[in-house]
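Undergrad: A single structure is presented below for examination.
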Amino acid sequence: MSSAATTEGAASRRARLIGKGWIQGVALVMLFGFTVMGLLAYRTYTNSMPQPQKVVTESGETLFTTQDITEGQKLFQARGLMEYGSILGHGGYLGPDFTAEYLRMEATSVKKQLAAQGVADPAAATKEMMRANRYDPSTGTLVWTDEQVKAYNEAVDHYTTMFGPDAHSHGLKPDLITDPVQVKQVTAFFGWTAWGSSAQRPGHDYSYTNNWPAESLVGNAPTGDLMIWSVLSLIVLIGGTGVMFAIYGRWSQKIGWHSEEAPALSFRQPEEVGLTKSQRVVAWYVFTIAALFLVQTLLGALAEHYRADVLSFFGFDLGRLLPFSLARTWHVQLSLFWTAIGLLAAGLFLTPFIARREPKKQHVLVWTLFIAATVVVVLSCLAEGASQHGLSWAKGPLFAQQWEYLDLPFVFQVLLTLALFVWVFIIWRAMRSRLSNEHVANMPWLFMFAALAIPAFYAVGMMARTGTHVTVAEFWRFWVVHLWVEDFLELFTTVMVAYVFVLLGVVRERIALGIIFMDIILYSAGGVIGTMHHLYFSGTPVEHMALGAFFSAAEVIPLTFLTVEAWAFMQLGANRHGKEAGPFPHRWAVMFLMAVGFWNFLGAGVFGFLVNLP
């Protein structure tokens, strides 16, 4: 291409509508956040709770190996036990936290044995024994005392009964785990996490899990770091909120929704707007979302019924076919599925309006994506059911259930990721002509970037496999549970809503761009590193707790700001409504979007903050 043609192409592009300062602000926040996350990832791999190569008795006899721990972890997931109880505090809450339960049983057993041996102060001796770290990193060998070995064997007997003859009375599928080898493996997994909860981290006076759970029998009490960072988090919240309102009061006419340069409005009624073939296909996405939401609601009601009556469903023994663990698995999965399909539908519906064109056969691709997404939803749920029922052939990455919120088997996780990338391709295919004529900081490109971030960050969850070290798996799992959901889905939603308002003519694109860039900065400043507030007690080093607490407190600030901005937007809409001869046809749609902002603040901001502090 000649230099003249290049110059002409550059000149034909629409100029940047936002100042460079916004772009630089986003770049700095992202660079800082993900640099810190990279360092925390390195520390997660190098300084987390160690998984021993073998656990031996004082006489040198091997009790179980690292392979037994891993196989127990896989079985814990495959039988849906993370959706029934929890491990290291994460999971479902009908059953026990198996880390805390094992730790209590072990400490109680050790104390009784020491008392029977005539030890003067068995309580103090129990604490000393349980907190002693007998792990040798050079050989990967962990030595358990004779008392701990006996406690392990007693735990094996306990779980043999719990997962076998008594399983149904506990709300589990009858005879969930009956193989003696498998019972020993899953007990080894529980026992290893309990060891990490009581054994002191080398060079410190607290355990690998920052003294979680708060078990007095082993001397687990709140650490100094925990108290300090909780207080500092409150200071960040109060100070940050004050700074935000000071900035808003000073520059409220420069940021947020306002009427500066607002155009004269002339709204078209919905029936006057023509739809393309692909947009009509999106209706089937909406019907599917409604169906999935209905099924999810019914499954949630069933799961809650089990909390009141674990043995029957109004006289029917439904738990044999659909136990609590499976009901909750599907309930959680469907919530993610219908949300994801909703984003697909929104992106596909808006694309023709943004691109101002629709390529040939676009509706065929939209139909294909719909069928593929439906297949992933149905088959993954069936695979999870087969895995939890322990069918002999339901093994491997096609069937084995994984971690909570990423329960769908690995094969379907890959397929869903591919479907999301196909969705991005469909959007790009329609928008490429528009993109070639736009500056990369303008709204069409932001819409494209926000869409691309959805499959990119969901794919990170594939780092958490069924056999991955539990602490490492938790680190990557919460990139999806927190970072994907609370940052990048928020980003796409913000871009989408802002674009809707631009297309409606409520605000100018330049004002909407300011809102988008401001939201990215506010959400990401606390949201990226704030992901670590999920890993306070998962076996990570203390800096995960410190940084997670400090930055997650700041996540409440943008939610507060956006709630204030919602009222500003409502006033703006009221002013526009008064200037328009015809009725504003999208009032309830806008009211709904504003309501979403309010409940986001109440749920994620107020209630979410209640569980944020260490």
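Residues in the structure tokens are numbered from 1 in each chain, the chains being A, B, ... in the order shown, and ligands are numbered from 1 in the order shown.
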Could you give me, as an NGL selection string, the residues within 10 Å of segment 114-126 of chain A, counting only C-alpha atoms and dropping anything in the same chain fewer than 6 positions from it?
TA: :A and (106-108 or 132 or 147 or 216-219)
Undergrad: Which residues are near Val143 of chain A? Cut-off 8 Å, only C-alpha atoms, ignore same chain within fewer than 5 positions. Put them as a short mmCIF file (atom, residue, chain, number, x, y, z; two decimals) with all heavy atoms, in the first residue's frame.
TA:
```cif
data_model
loop_
_atom_site.label_atom_id
_atom_site.label_comp_id
_atom_site.auth_asym_id
_atom_site.auth_seq_id
_atom_site.Cartn_x
_atom_site.Cartn_y
_atom_site.Cartn_z
N VAL A 55 3.07 -39.56 53.67
CA VAL A 55 2.88 -39.37 55.11
C VAL A 55 3.22 -40.69 55.77
O VAL A 55 2.67 -41.75 55.40
CB VAL A 55 1.43 -38.96 55.43
CG1 VAL A 55 1.22 -38.88 56.93
CG2 VAL A 55 1.09 -37.62 54.78
N VAL A 56 4.12 -40.63 56.73
CA VAL A 56 4.62 -41.86 57.36
C VAL A 56 4.39 -41.81 58.87
O VAL A 56 4.22 -40.75 59.46
CB VAL A 56 6.12 -42.08 57.07
CG1 VAL A 56 6.37 -42.14 55.55
CG2 VAL A 56 6.96 -40.98 57.71
N THR A 57 4.41 -43.00 59.48
CA THR A 57 4.32 -43.12 60.93
C THR A 57 5.70 -42.88 61.54
O THR A 57 6.71 -42.76 60.82
CB THR A 57 3.83 -44.52 61.32
OG1 THR A 57 4.83 -45.48 60.93
CG2 THR A 57 2.51 -44.85 60.63
N GLU A 58 5.76 -42.81 62.85
CA GLU A 58 7.04 -42.59 63.53
C GLU A 58 8.01 -43.75 63.29
O GLU A 58 9.23 -43.57 63.36
CB GLU A 58 6.80 -42.40 65.02
CG GLU A 58 6.11 -41.08 65.36
CD GLU A 58 5.90 -40.89 66.86
OE1 GLU A 58 5.20 -41.73 67.46
OE2 GLU A 58 6.43 -39.91 67.41
N ARG A 134 6.22 -31.39 61.25
CA ARG A 134 7.17 -32.48 61.04
C ARG A 134 7.36 -32.79 59.56
O ARG A 134 7.73 -33.91 59.19
CB ARG A 134 6.71 -33.73 61.79
CG ARG A 134 6.56 -33.52 63.29
CD ARG A 134 6.05 -34.78 64.00
NE ARG A 134 5.83 -34.52 65.42
CZ ARG A 134 4.72 -33.97 65.91
NH1 ARG A 134 3.73 -33.65 65.09
NH2 ARG A 134 4.59 -33.74 67.21
N TYR A 135 7.12 -31.79 58.73
CA TYR A 135 7.30 -31.98 57.29
C TYR A 135 8.74 -31.64 56.90
O TYR A 135 9.28 -30.61 57.29
CB TYR A 135 6.34 -31.08 56.51
CG TYR A 135 6.56 -31.08 55.01
CD1 TYR A 135 6.27 -32.20 54.25
CD2 TYR A 135 7.08 -29.96 54.36
CE1 TYR A 135 6.47 -32.21 52.87
CE2 TYR A 135 7.29 -29.94 53.00
CZ TYR A 135 6.98 -31.08 52.26
OH TYR A 135 7.19 -31.08 50.90
#
```
Undergrad: For His469 of chain A, list every protein, DNA or RNA residue within 8 Å, evaluated using only C-alpha atoms, and leave out those in the same chain fewer than 2 positions away; present the list as number ranges by chain.
TA: A: 51, 70, 467, 471-473
Undergrad: Using C-alpha atoms, can you export the residues from the last selection as a compact mmCIF listing (two decimals), in the first residue's frame?
TA:
```
# COMPACT_ATOMS: atom_id res chain seq x y z
CA GLN A 51 1.49 -31.47 49.63
CA THR A 70 -4.85 -36.33 44.80
CA GLY A 467 -5.80 -33.01 40.21
CA THR A 471 -4.41 -24.02 46.93
CA VAL A 472 -3.27 -23.48 43.35
CA ALA A 473 -6.68 -24.55 42.04
```
Undergrad: Just the number, please: distance in Å from atom CA of Glu358 of chain A to atom CA of Met496 of chain A, one decimal.
TA: 18.6 Å
Undergrad: Counting only C-alpha atoms, give me one row per residue of segment 399-500 of chain A with an atom at most 8 Å from an atom of segment 535-547 of chain A, showing the shortest contact pair and its distance in Å to one decimal, sorted by chain then residue number, as a Markdown table.
TA:
```
| residue | atom | partner | partner_atom | distance |
| --- | --- | --- | --- | --- |
| A:Val470 | CA | A:Ser538 | CA | 8.0 |
| A:Thr471 | CA | A:Ser538 | CA | 5.6 |
| A:Glu474 | CA | A:Leu535 | CA | 7.3 |
| A:Phe475 | CA | A:Leu535 | CA | 7.1 |
```
Undergrad: Those residues you just picked out, can you put them in a file as a tab-separated table (two decimals), in the first residue's frame with N, CA and C atoms?
TA:
```tsv
chain	number	residue	atom	x	y	z
A	470	VAL	N	-4.80	-28.10	45.74
A	470	VAL	CA	-6.01	-27.40	46.11
A	470	VAL	C	-5.79	-25.89	46.23
A	471	THR	N	-4.66	-25.45	46.77
A	471	THR	CA	-4.41	-24.02	46.93
A	471	THR	C	-4.22	-23.35	45.57
A	474	GLU	N	-7.58	-23.16	43.83
A	474	GLU	CA	-8.40	-22.09	44.36
A	474	GLU	C	-7.97	-20.73	43.79
A	475	PHE	N	-6.67	-20.55	43.61
A	475	PHE	CA	-6.17	-19.28	43.04
A	475	PHE	C	-6.77	-19.06	41.65
```
Undergrad: What is the distance between atom CA of Leu232 of chain A and atom CA of Asn210 of chain A, in Å to one decimal?
TA: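 Going from atom CA of Leu232 of chain A over to atom CA of Asn210 of chain A, I get 17.6 Å.
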Undergrad: Could you give me, as a ChimeraX atom specification, the residues within 8 Å of Pro222 of chain A, counting only C-alpha atoms and dropping anything in the same chain fewer than 5 positions from it?
TA: /A:210-211,214,227
